[in-house]
Amino acid sequence: MTELLFRDDAYRREAEVEAIEAAPGRIVLDSTVFYAQGGGQPGDRGELVRADGSTIAVVNTVYDADRKTIAHIPAEGAAQLPAPGERVTARLDWELRYKRMRAHTALHLLSVVLPYPVTGGSVGDGEGRLDFDSGEVGFDKADIQRRLEALVATDAAVTTRWITDEELAANPGLVKTMKVKPPTGSGRVRLVEIAGLDLQPCGGTHVARVGEIDRVAVTGIEKKGKLNRRVRIMLG
Ligand SMILES: [Zn+2]
């Protein structure tokens with residue numbers, strides 16, 4: 001089971017950690033700052049720096065089937081893998097991660113602008129999309145853009161807290177995503193709150209204040225089936 005350092009501090013760019021197991025295509029550390037692919041957000045990239053200064057590029061980060069252990073995927077042909085017990089510095093591709101944090105938090109705001117059930121979504125590198133079950137309601141791109149910008153301008157604080165599975169079950173209105181149910185079963189669920197604007201379960205990485213999203217544009221609205229609308233955004 002990997003300790004998830006990104007859960008408590010999304011701004012942590014690197015950490016001194018211990019290699020637990022390493023094989024071609026897979027490196028497990030005792031703890032990590034690398035976000036593992038999930039909830040529509042891609043896995044982090046970066047590098048592992050060994051004591052002699054040599055580096056191993058990490059091209060993706062994923063969960064094992066147990067959803068508790070994180071595997072760092074080294075670049076193909078990585079020369080040397082760390083030995084079990086070896087101390088390494090896990091360092092994020094921070095520029096990429098920060099873009100994802102901004103885009104991800106912008107999608108939370110988009111779900112405030114468009115208060116319809118979310119049926120899907122994903123975070124890309126500086127862009128993202130959400131699918132809404134909006135029924136027959138049509139979307140106006142310029143209007144969505146204007147309201148999104150107004151929410152960014154509030155510079156509201158983004159915080160996280162944990163509630164029990166039972167508390168979540170008692171408040172089903174917290175869940176905006178219809179198909180992507182929050183992970184329960186571990187006894188607790190992580191809530192992300194944007195002060196005065198939004199509260200929903202989410203395991204992703206977010207900026208600390210929505211002002212950090214800075215410039216964001218609504219780049220497209222597509223009809224997906226009879227009732228679904230896909231809205232795309234891009235950071236400026
Ligand atoms: Zn989130």
# chains A, B, ... in the order shown; residues from 1 in each chain; ligands from 1

$ residues_near_ligand --ligand "ligand 1" --cutoff "7 Å" --atoms "only C-alpha atoms and all ligand atoms" --output "number ranges by chain"
A: 104-105, 108, 192, 202-206

$ residues_around --residues "stretch 215-222 of chain A" --least-positions-apart "4" --cutoff "7 Å" --atoms "only C-alpha atoms" --output "JSON, numbers by chain"
{"A": [141, 145, 229, 230, 231, 232, 233, 234, 235, 236]}

$ write_last_selection --atoms "all heavy atoms" --output "short mmCIF file (atom, residue, chain, number, x, y, z; two decimals), in the first residue's frame"
data_model
loop_
_atom_site.label_atom_id
_atom_site.label_comp_id
_atom_site.auth_asym_id
_atom_site.auth_seq_id
_atom_site.Cartn_x
_atom_site.Cartn_y
_atom_site.Cartn_z
N LYS A 141 -22.54 29.12 -25.47
CA LYS A 141 -21.10 29.14 -25.21
C LYS A 141 -20.63 30.43 -24.55
O LYS A 141 -19.91 30.41 -23.54
CB LYS A 141 -20.36 28.94 -26.54
CG LYS A 141 -18.92 28.55 -26.40
CD LYS A 141 -18.43 27.95 -27.72
CE LYS A 141 -17.19 28.66 -28.20
NZ LYS A 141 -16.72 28.16 -29.49
N GLN A 145 -19.10 30.85 -20.78
CA GLN A 145 -17.77 31.47 -20.65
C GLN A 145 -17.81 32.62 -19.63
O GLN A 145 -16.97 32.70 -18.73
CB GLN A 145 -17.34 31.99 -22.02
CG GLN A 145 -16.17 32.95 -22.01
CD GLN A 145 -14.85 32.22 -22.18
OE1 GLN A 145 -14.78 31.27 -22.96
NE2 GLN A 145 -13.84 32.64 -21.48
N ARG A 229 -24.78 16.79 -23.54
CA ARG A 229 -23.98 17.85 -24.13
C ARG A 229 -22.57 17.73 -23.58
O ARG A 229 -22.38 17.60 -22.37
CB ARG A 229 -24.51 19.23 -23.76
CG ARG A 229 -25.89 19.55 -24.26
CD ARG A 229 -25.92 19.82 -25.76
NE ARG A 229 -27.25 20.21 -26.24
CZ ARG A 229 -28.28 19.39 -26.33
NH1 ARG A 229 -28.16 18.12 -25.97
NH2 ARG A 229 -29.45 19.82 -26.75
N ARG A 230 -21.57 17.81 -24.47
CA ARG A 230 -20.18 17.78 -24.06
C ARG A 230 -19.64 19.21 -24.14
O ARG A 230 -19.75 19.85 -25.19
CB ARG A 230 -19.37 16.86 -24.95
CG ARG A 230 -17.87 16.94 -24.70
CD ARG A 230 -17.15 15.79 -25.38
NE ARG A 230 -17.50 14.52 -24.74
CZ ARG A 230 -17.08 13.33 -25.16
NH1 ARG A 230 -16.30 13.24 -26.23
NH2 ARG A 230 -17.43 12.23 -24.53
N VAL A 231 -19.09 19.70 -23.04
CA VAL A 231 -18.54 21.06 -23.01
C VAL A 231 -17.04 20.95 -22.80
O VAL A 231 -16.57 20.30 -21.87
CB VAL A 231 -19.18 21.88 -21.87
CG1 VAL A 231 -18.61 23.30 -21.86
CG2 VAL A 231 -20.69 21.94 -22.02
N ARG A 232 -16.29 21.61 -23.71
CA ARG A 232 -14.83 21.58 -23.63
C ARG A 232 -14.32 22.94 -23.18
O ARG A 232 -14.82 23.98 -23.59
CB ARG A 232 -14.23 21.28 -25.01
CG ARG A 232 -14.55 19.91 -25.54
CD ARG A 232 -13.90 19.70 -26.92
NE ARG A 232 -14.29 18.42 -27.48
CZ ARG A 232 -13.72 17.26 -27.19
NH1 ARG A 232 -12.70 17.23 -26.32
NH2 ARG A 232 -14.13 16.13 -27.74
N ILE A 233 -13.28 22.89 -22.33
CA ILE A 233 -12.64 24.12 -21.88
C ILE A 233 -11.14 24.03 -22.14
O ILE A 233 -10.59 22.93 -22.28
CB ILE A 233 -12.89 24.40 -20.38
CG1 ILE A 233 -12.33 23.25 -19.52
CG2 ILE A 233 -14.36 24.64 -20.09
CD1 ILE A 233 -12.17 23.62 -18.07
N MET A 234 -10.50 25.19 -22.18
CA MET A 234 -9.04 25.23 -22.37
C MET A 234 -8.48 26.40 -21.56
O MET A 234 -9.09 27.47 -21.52
CB MET A 234 -8.72 25.40 -23.84
CG MET A 234 -7.25 25.25 -24.16
SD MET A 234 -6.96 25.30 -25.94
CE MET A 234 -7.37 23.62 -26.37
N LEU A 235 -7.36 26.16 -20.92
CA LEU A 235 -6.71 27.24 -20.16
C LEU A 235 -6.11 28.26 -21.14
O LEU A 235 -5.62 27.87 -22.19
CB LEU A 235 -5.61 26.68 -19.27
CG LEU A 235 -6.05 25.66 -18.21
CD1 LEU A 235 -4.84 25.09 -17.49
CD2 LEU A 235 -7.03 26.27 -17.22
N GLY A 236 -6.17 29.53 -20.76
CA GLY A 236 -5.62 30.56 -21.63
C GLY A 236 -4.11 30.63 -21.53
O GLY A 236 -3.51 29.97 -20.72
#

$ select_by_dssp --residues "stretch 1-199 of chain A" --states "alpha helix (DSSP H)" --output "ChimeraX atom specification"
/A:5-8,94-113,141-153,165-170

$ residues_around --residues "A:Lys99" --least-positions-apart "2" --cutoff "10 Å" --atoms "only C-alpha atoms" --output "PyMOL selection string"
chain A and resi 94-97+101-105+123-127+206-207+213+235

$ closest_residue --among "A:Arg209, A:Arg26, A:Arg91, A:Arg45" --to "A:Leu109" --atoms "only C-alpha atoms"
A:Arg209

$ residues_around --residues "A:Arg12" --least-positions-apart "3" --cutoff "12 Å" --atoms "only C-alpha atoms" --output "number ranges by chain"
A: 4-9, 15-16, 32-35, 90-94, 97-98, 205, 207

$ residues_around --residues "stretch 163-176 of chain A" --least-positions-apart "4" --cutoff "12 Å" --atoms "only C-alpha atoms" --output "JSON list (two decimals) with N, CA, C and O atoms, in the first residue's frame"
[["chain", "number", "residue", "atom", "x", "y", "z"],
["A", 108, "HIS", "N", -14.64, 21.70, -11.99],
["A", 108, "HIS", "CA", -15.57, 21.81, -10.84],
["A", 108, "HIS", "C", -16.43, 23.07, -11.02],
["A", 108, "HIS", "O", -17.64, 23.03, -10.80],
["A", 110, "LEU", "N", -17.15, 24.56, -13.80],
["A", 110, "LEU", "CA", -18.07, 24.35, -14.93],
["A", 110, "LEU", "C", -19.33, 23.62, -14.46],
["A", 110, "LEU", "O", -20.44, 23.91, -14.90],
["A", 111, "SER", "N", -19.14, 22.68, -13.52],
["A", 111, "SER", "CA", -20.29, 21.94, -13.00],
["A", 111, "SER", "C", -21.18, 22.81, -12.11],
["A", 111, "SER", "O", -22.32, 22.46, -11.82],
["A", 112, "VAL", "N", -20.63, 23.95, -11.65],
["A", 112, "VAL", "CA", -21.44, 24.92, -10.90],
["A", 112, "VAL", "C", -22.25, 25.77, -11.89],
["A", 112, "VAL", "O", -23.44, 26.02, -11.70],
["A", 114, "LEU", "N", -23.15, 24.87, -14.84],
["A", 114, "LEU", "CA", -24.14, 24.00, -15.48],
["A", 114, "LEU", "C", -24.58, 22.94, -14.47],
["A", 114, "LEU", "O", -23.98, 21.87, -14.39],
["A", 115, "PRO", "N", -25.60, 23.22, -13.68],
["A", 115, "PRO", "CA", -25.98, 22.31, -12.59],
["A", 115, "PRO", "C", -26.82, 21.11, -13.06],
["A", 115, "PRO", "O", -27.94, 20.92, -12.61],
["A", 116, "TYR", "N", -26.25, 20.35, -13.98],
["A", 116, "TYR", "CA", -26.93, 19.15, -14.49],
["A", 116, "TYR", "C", -26.11, 17.93, -14.10],
["A", 116, "TYR", "O", -24.92, 18.05, -13.84],
["A", 117, "PRO", "N", -26.72, 16.75, -14.09],
["A", 117, "PRO", "CA", -25.95, 15.55, -13.76],
["A", 117, "PRO", "C", -24.79, 15.37, -14.75],
["A", 117, "PRO", "O", -24.96, 15.55, -15.96],
["A", 118, "VAL", "N", -23.63, 15.06, -14.23],
["A", 118, "VAL", "CA", -22.44, 14.84, -15.05],
["A", 118, "VAL", "C", -22.35, 13.36, -15.39],
["A", 118, "VAL", "O", -22.41, 12.50, -14.52],
["A", 119, "THR", "N", -22.24, 13.05, -16.70],
["A", 119, "THR", "CA", -22.21, 11.65, -17.11],
["A", 119, "THR", "C", -20.82, 11.19, -17.54],
["A", 119, "THR", "O", -20.61, 10.02, -17.81],
["A", 120, "GLY", "N", -19.88, 12.12, -17.59],
["A", 120, "GLY", "CA", -18.52, 11.73, -17.95],
["A", 120, "GLY", "C", -17.63, 12.95, -17.95],
["A", 120, "GLY", "O", -18.11, 14.07, -17.79],
["A", 121, "GLY", "N", -16.34, 12.71, -18.11],
["A", 121, "GLY", "CA", -15.44, 13.86, -18.17],
["A", 121, "GLY", "C", -14.00, 13.42, -18.16],
["A", 121, "GLY", "O", -13.70, 12.26, -17.84],
["A", 130, "LEU", "N", -16.44, 18.04, -19.78],
["A", 130, "LEU", "CA", -17.47, 17.35, -18.99],
["A", 130, "LEU", "C", -18.66, 17.09, -19.89],
["A", 130, "LEU", "O", -18.97, 17.90, -20.78],
["A", 131, "ASP", "N", -19.31, 15.95, -19.65],
["A", 131, "ASP", "CA", -20.55, 15.63, -20.36],
["A", 131, "ASP", "C", -21.71, 15.80, -19.38],
["A", 131, "ASP", "O", -21.64, 15.31, -18.25],
["A", 132, "PHE", "N", -22.75, 16.48, -19.83],
["A", 132, "PHE", "CA", -23.90, 16.75, -18.97],
["A", 132, "PHE", "C", -25.16, 16.13, -19.56],
["A", 132, "PHE", "O", -25.38, 16.20, -20.77],
["A", 133, "ASP", "N", -25.96, 15.56, -18.67],
["A", 133, "ASP", "CA", -27.29, 15.12, -19.08],
["A", 133, "ASP", "C", -28.21, 16.32, -18.86],
["A", 133, "ASP", "O", -28.78, 16.50, -17.78],
["A", 180, "VAL", "N", -19.85, 7.84, -12.83],
["A", 180, "VAL", "CA", -18.59, 7.69, -12.11],
["A", 180, "VAL", "C", -18.88, 7.90, -10.62],
["A", 180, "VAL", "O", -18.84, 9.01, -10.12],
["A", 181, "LYS", "N", -19.22, 6.82, -9.95],
["A", 181, "LYS", "CA", -19.52, 6.91, -8.52],
["A", 181, "LYS", "C", -18.23, 7.11, -7.74],
["A", 181, "LYS", "O", -17.19, 6.57, -8.11],
["A", 182, "PRO", "N", -18.29, 7.89, -6.65],
["A", 182, "PRO", "CA", -17.08, 8.05, -5.85],
["A", 182, "PRO", "C", -16.69, 6.71, -5.24],
["A", 182, "PRO", "O", -17.56, 5.89, -4.95],
["A", 183, "PRO", "N", -15.39, 6.49, -5.04],
["A", 183, "PRO", "CA", -14.97, 5.21, -4.46],
["A", 183, "PRO", "C", -15.41, 5.12, -3.00],
["A", 183, "PRO", "O", -15.04, 5.95, -2.18],
["A", 184, "THR", "N", -16.25, 4.12, -2.70],
["A", 184, "THR", "CA", -16.62, 3.87, -1.30],
["A", 184, "THR", "C", -16.09, 2.48, -0.96],
["A", 184, "THR", "O", -15.57, 1.78, -1.81],
["A", 185, "GLY", "N", -16.24, 2.11, 0.29],
["A", 185, "GLY", "CA", -15.78, 0.78, 0.69],
["A", 185, "GLY", "C", -14.56, 0.85, 1.57],
["A", 185, "GLY", "O", -14.26, -0.06, 2.32],
["A", 186, "SER", "N", -13.82, 2.00, 1.48],
["A", 186, "SER", "CA", -12.66, 2.15, 2.35],
["A", 186, "SER", "C", -13.10, 2.77, 3.67],
["A", 186, "SER", "O", -12.29, 2.99, 4.56],
["A", 187, "GLY", "N", -14.41, 3.09, 3.77],
["A", 187, "GLY", "CA", -14.93, 3.64, 5.02],
["A", 187, "GLY", "C", -15.02, 5.15, 5.03],
["A", 187, "GLY", "O", -15.74, 5.73, 5.81],
["A", 188, "ARG", "N", -14.28, 5.79, 4.10],
["A", 188, "ARG", "CA", -14.33, 7.25, 4.08],
["A", 188, "ARG", "C", -14.20, 7.76, 2.65],
["A", 188, "ARG", "O", -13.66, 7.08, 1.77],
["A", 189, "VAL", "N", -14.74, 8.94, 2.43],
["A", 189, "VAL", "CA", -14.76, 9.55, 1.10],
["A", 189, "VAL", "C", -14.22, 10.97, 1.23],
["A", 189, "VAL", "O", -14.49, 11.67, 2.20],
["A", 190, "ARG", "N", -13.43, 11.38, 0.25],
["A", 190, "ARG", "CA", -12.83, 12.70, 0.28],
["A", 190, "ARG", "C", -13.75, 13.71, -0.41],
["A", 190, "ARG", "O", -14.14, 13.51, -1.57],
["A", 191, "LEU", "N", -14.08, 14.77, 0.30],
["A", 191, "LEU", "CA", -14.91, 15.83, -0.26],
["A", 191, "LEU", "C", -14.03, 17.02, -0.63],
["A", 191, "LEU", "O", -13.12, 17.38, 0.12],
["A", 192, "VAL", "N", -14.32, 17.60, -1.77],
["A", 192, "VAL", "CA", -13.62, 18.82, -2.19],
["A", 192, "VAL", "C", -14.63, 19.96, -2.16],
["A", 192, "VAL", "O", -15.70, 19.86, -2.76],
["A", 193, "GLU", "N", -14.29, 21.00, -1.42],
["A", 193, "GLU", "CA", -15.20, 22.14, -1.26],
["A", 193, "GLU", "C", -14.59, 23.39, -1.88],
["A", 193, "GLU", "O", -13.42, 23.73, -1.61],
["A", 198, "ASP", "N", -19.23, 25.04, -4.31],
["A", 198, "ASP", "CA", -19.33, 23.65, -4.74],
["A", 198, "ASP", "C", -18.82, 22.71, -3.65],
["A", 198, "ASP", "O", -17.89, 23.05, -2.92],
["A", 199, "LEU", "N", -19.46, 21.55, -3.56],
["A", 199, "LEU", "CA", -19.02, 20.52, -2.62],
["A", 199, "LEU", "C", -19.31, 19.18, -3.27],
["A", 199, "LEU", "O", -20.46, 18.89, -3.60],
["A", 200, "GLN", "N", -18.27, 18.39, -3.53],
["A", 200, "GLN", "CA", -18.50, 17.08, -4.12],
["A", 200, "GLN", "C", -17.35, 16.14, -3.83],
["A", 200, "GLN", "O", -16.24, 16.57, -3.56],
["A", 201, "PRO", "N", -17.62, 14.83, -3.86],
["A", 201, "PRO", "CA", -16.55, 13.87, -3.63],
["A", 201, "PRO", "C", -15.58, 13.90, -4.81],
["A", 201, "PRO", "O", -16.01, 13.94, -5.96],
["A", 202, "CYS", "N", -14.30, 13.91, -4.53],
["A", 202, "CYS", "CA", -13.30, 13.90, -5.61],
["A", 202, "CYS", "C", -11.95, 13.52, -5.03],
["A", 202, "CYS", "O", -11.56, 13.99, -3.98]]

$ decode --residues "stretch 26-166 of chain A" --atoms "C-alpha atoms" --output "short mmCIF file (atom, residue, chain, number, x, y, z; two decimals), in the first residue's frame"
data_model
loop_
_atom_site.label_atom_id
_atom_site.label_comp_id
_atom_site.auth_asym_id
_atom_site.auth_seq_id
_atom_site.Cartn_x
_atom_site.Cartn_y
_atom_site.Cartn_z
CA ARG A 26 6.85 -1.02 -12.92
CA ILE A 27 8.37 0.71 -9.88
CA VAL A 28 6.63 0.73 -6.49
CA LEU A 29 7.64 3.27 -3.83
CA ASP A 30 6.68 3.39 -0.15
CA SER A 31 5.12 6.84 -0.71
CA THR A 32 4.70 9.14 -3.68
CA VAL A 33 3.87 12.62 -4.91
CA PHE A 34 2.78 11.13 -8.28
CA TYR A 35 -1.00 11.18 -8.81
CA ALA A 36 -2.16 7.82 -10.13
CA GLN A 37 -4.52 7.85 -13.11
CA GLY A 38 -8.15 7.91 -12.01
CA GLY A 39 -11.34 9.95 -11.85
CA GLY A 40 -10.75 11.28 -15.36
CA GLN A 41 -7.35 12.73 -14.45
CA PRO A 42 -4.26 11.22 -16.10
CA GLY A 43 -1.36 9.77 -14.11
CA ASP A 44 1.60 12.02 -13.38
CA ARG A 45 4.89 12.08 -15.21
CA GLY A 46 8.27 13.04 -13.84
CA GLU A 47 11.48 11.34 -12.76
CA LEU A 48 13.12 9.35 -10.02
CA VAL A 49 16.53 10.70 -9.05
CA ARG A 50 19.00 8.20 -7.59
CA ALA A 51 21.74 8.98 -5.06
CA ASP A 52 24.39 9.14 -7.85
CA GLY A 53 22.32 11.81 -9.63
CA SER A 54 21.16 9.57 -12.47
CA THR A 55 17.46 9.74 -13.34
CA ILE A 56 14.74 7.34 -14.39
CA ALA A 57 11.95 8.96 -16.40
CA VAL A 58 8.41 8.10 -15.26
CA VAL A 59 5.93 8.25 -18.16
CA ASN A 60 2.73 7.36 -16.29
CA THR A 61 1.42 6.44 -12.86
CA VAL A 62 -1.36 3.90 -12.28
CA TYR A 63 -3.04 1.96 -9.48
CA ASP A 64 -2.61 -1.77 -9.12
CA ALA A 65 -5.78 -3.86 -9.14
CA ASP A 66 -5.92 -3.51 -5.32
CA ARG A 67 -6.40 0.28 -5.80
CA LYS A 68 -3.95 0.79 -2.90
CA THR A 69 -0.57 0.24 -4.48
CA ILE A 70 0.74 2.73 -7.03
CA ALA A 71 2.97 1.67 -9.91
CA HIS A 72 5.27 4.22 -11.55
CA ILE A 73 5.78 3.29 -15.19
CA PRO A 74 9.39 3.93 -16.24
CA ALA A 75 10.21 5.00 -19.79
CA GLU A 76 10.82 2.05 -22.07
CA GLY A 77 14.46 0.98 -21.97
CA ALA A 78 15.20 2.69 -18.65
CA ALA A 79 18.78 1.58 -18.06
CA GLN A 80 18.93 0.95 -14.34
CA LEU A 81 16.08 0.30 -11.97
CA PRO A 82 16.39 1.08 -8.25
CA ALA A 83 17.03 -1.80 -5.89
CA PRO A 84 14.47 -2.57 -3.16
CA GLY A 85 15.29 -0.43 -0.14
CA GLU A 86 17.07 2.19 -2.23
CA ARG A 87 16.28 5.84 -1.42
CA VAL A 88 15.31 7.97 -4.41
CA THR A 89 13.85 11.43 -4.96
CA ALA A 90 10.48 11.27 -6.71
CA ARG A 91 10.13 14.51 -8.67
CA LEU A 92 7.04 15.57 -10.62
CA ASP A 93 6.82 17.15 -14.04
CA TRP A 94 5.34 20.08 -12.14
CA GLU A 95 4.49 22.29 -15.11
CA LEU A 96 2.29 19.52 -16.52
CA ARG A 97 0.72 18.65 -13.15
CA TYR A 98 -0.08 22.29 -12.35
CA LYS A 99 -1.90 22.67 -15.69
CA ARG A 100 -3.92 19.59 -14.82
CA MET A 101 -4.73 21.00 -11.36
CA ARG A 102 -5.95 24.25 -12.93
CA ALA A 103 -8.00 22.46 -15.61
CA HIS A 104 -9.43 20.00 -13.10
CA THR A 105 -10.52 22.76 -10.72
CA ALA A 106 -12.00 24.67 -13.68
CA LEU A 107 -14.18 21.62 -14.40
CA HIS A 108 -15.57 21.81 -10.84
CA LEU A 109 -16.56 25.42 -11.60
CA LEU A 110 -18.07 24.35 -14.93
CA SER A 111 -20.29 21.94 -13.00
CA VAL A 112 -21.44 24.92 -10.90
CA VAL A 113 -22.25 26.97 -14.01
CA LEU A 114 -24.14 24.00 -15.48
CA PRO A 115 -25.98 22.31 -12.59
CA TYR A 116 -26.93 19.15 -14.49
CA PRO A 117 -25.95 15.55 -13.76
CA VAL A 118 -22.44 14.84 -15.05
CA THR A 119 -22.21 11.65 -17.11
CA GLY A 120 -18.52 11.73 -17.95
CA GLY A 121 -15.44 13.86 -18.17
CA SER A 122 -11.70 14.03 -18.43
CA VAL A 123 -8.78 16.30 -17.62
CA GLY A 124 -6.11 16.82 -20.26
CA ASP A 125 -2.97 18.89 -20.31
CA GLY A 126 -4.32 22.40 -20.03
CA GLU A 127 -7.78 21.43 -21.16
CA GLY A 128 -10.71 19.29 -20.12
CA ARG A 129 -14.29 18.33 -20.80
CA LEU A 130 -17.47 17.35 -18.99
CA ASP A 131 -20.55 15.63 -20.36
CA PHE A 132 -23.90 16.75 -18.97
CA ASP A 133 -27.29 15.12 -19.08
CA SER A 134 -29.04 18.43 -19.74
CA GLY A 135 -32.18 17.01 -21.33
CA GLU A 136 -33.57 19.35 -23.97
CA VAL A 137 -31.78 22.42 -22.60
CA GLY A 138 -29.48 24.09 -25.10
CA PHE A 139 -26.14 25.59 -24.02
CA ASP A 140 -24.88 29.07 -24.90
CA LYS A 141 -21.10 29.14 -25.21
CA ALA A 142 -20.62 32.87 -24.58
CA ASP A 143 -22.92 32.77 -21.55
CA ILE A 144 -21.11 29.74 -20.04
CA GLN A 145 -17.77 31.47 -20.65
CA ARG A 146 -18.91 34.65 -18.91
CA ARG A 147 -20.25 32.79 -15.86
CA LEU A 148 -17.13 30.64 -15.62
CA GLU A 149 -14.91 33.73 -15.65
CA ALA A 150 -17.05 35.32 -12.94
CA LEU A 151 -16.53 32.27 -10.71
CA VAL A 152 -12.74 32.29 -11.29
CA ALA A 153 -12.75 35.98 -10.33
CA THR A 154 -14.19 35.15 -6.88
CA ASP A 155 -10.82 33.54 -6.03
CA ALA A 156 -12.70 31.21 -3.65
CA ALA A 157 -10.62 28.83 -1.51
CA VAL A 158 -10.53 25.12 -2.37
CA THR A 159 -10.27 22.73 0.59
CA THR A 160 -10.69 19.03 1.25
CA ARG A 161 -12.13 17.00 4.10
CA TRP A 162 -13.18 13.42 4.71
CA ILE A 163 -16.60 11.99 5.53
CA THR A 164 -17.69 8.43 6.23
CA ASP A 165 -19.39 6.21 3.63
CA GLU A 166 -22.52 6.43 5.82
#
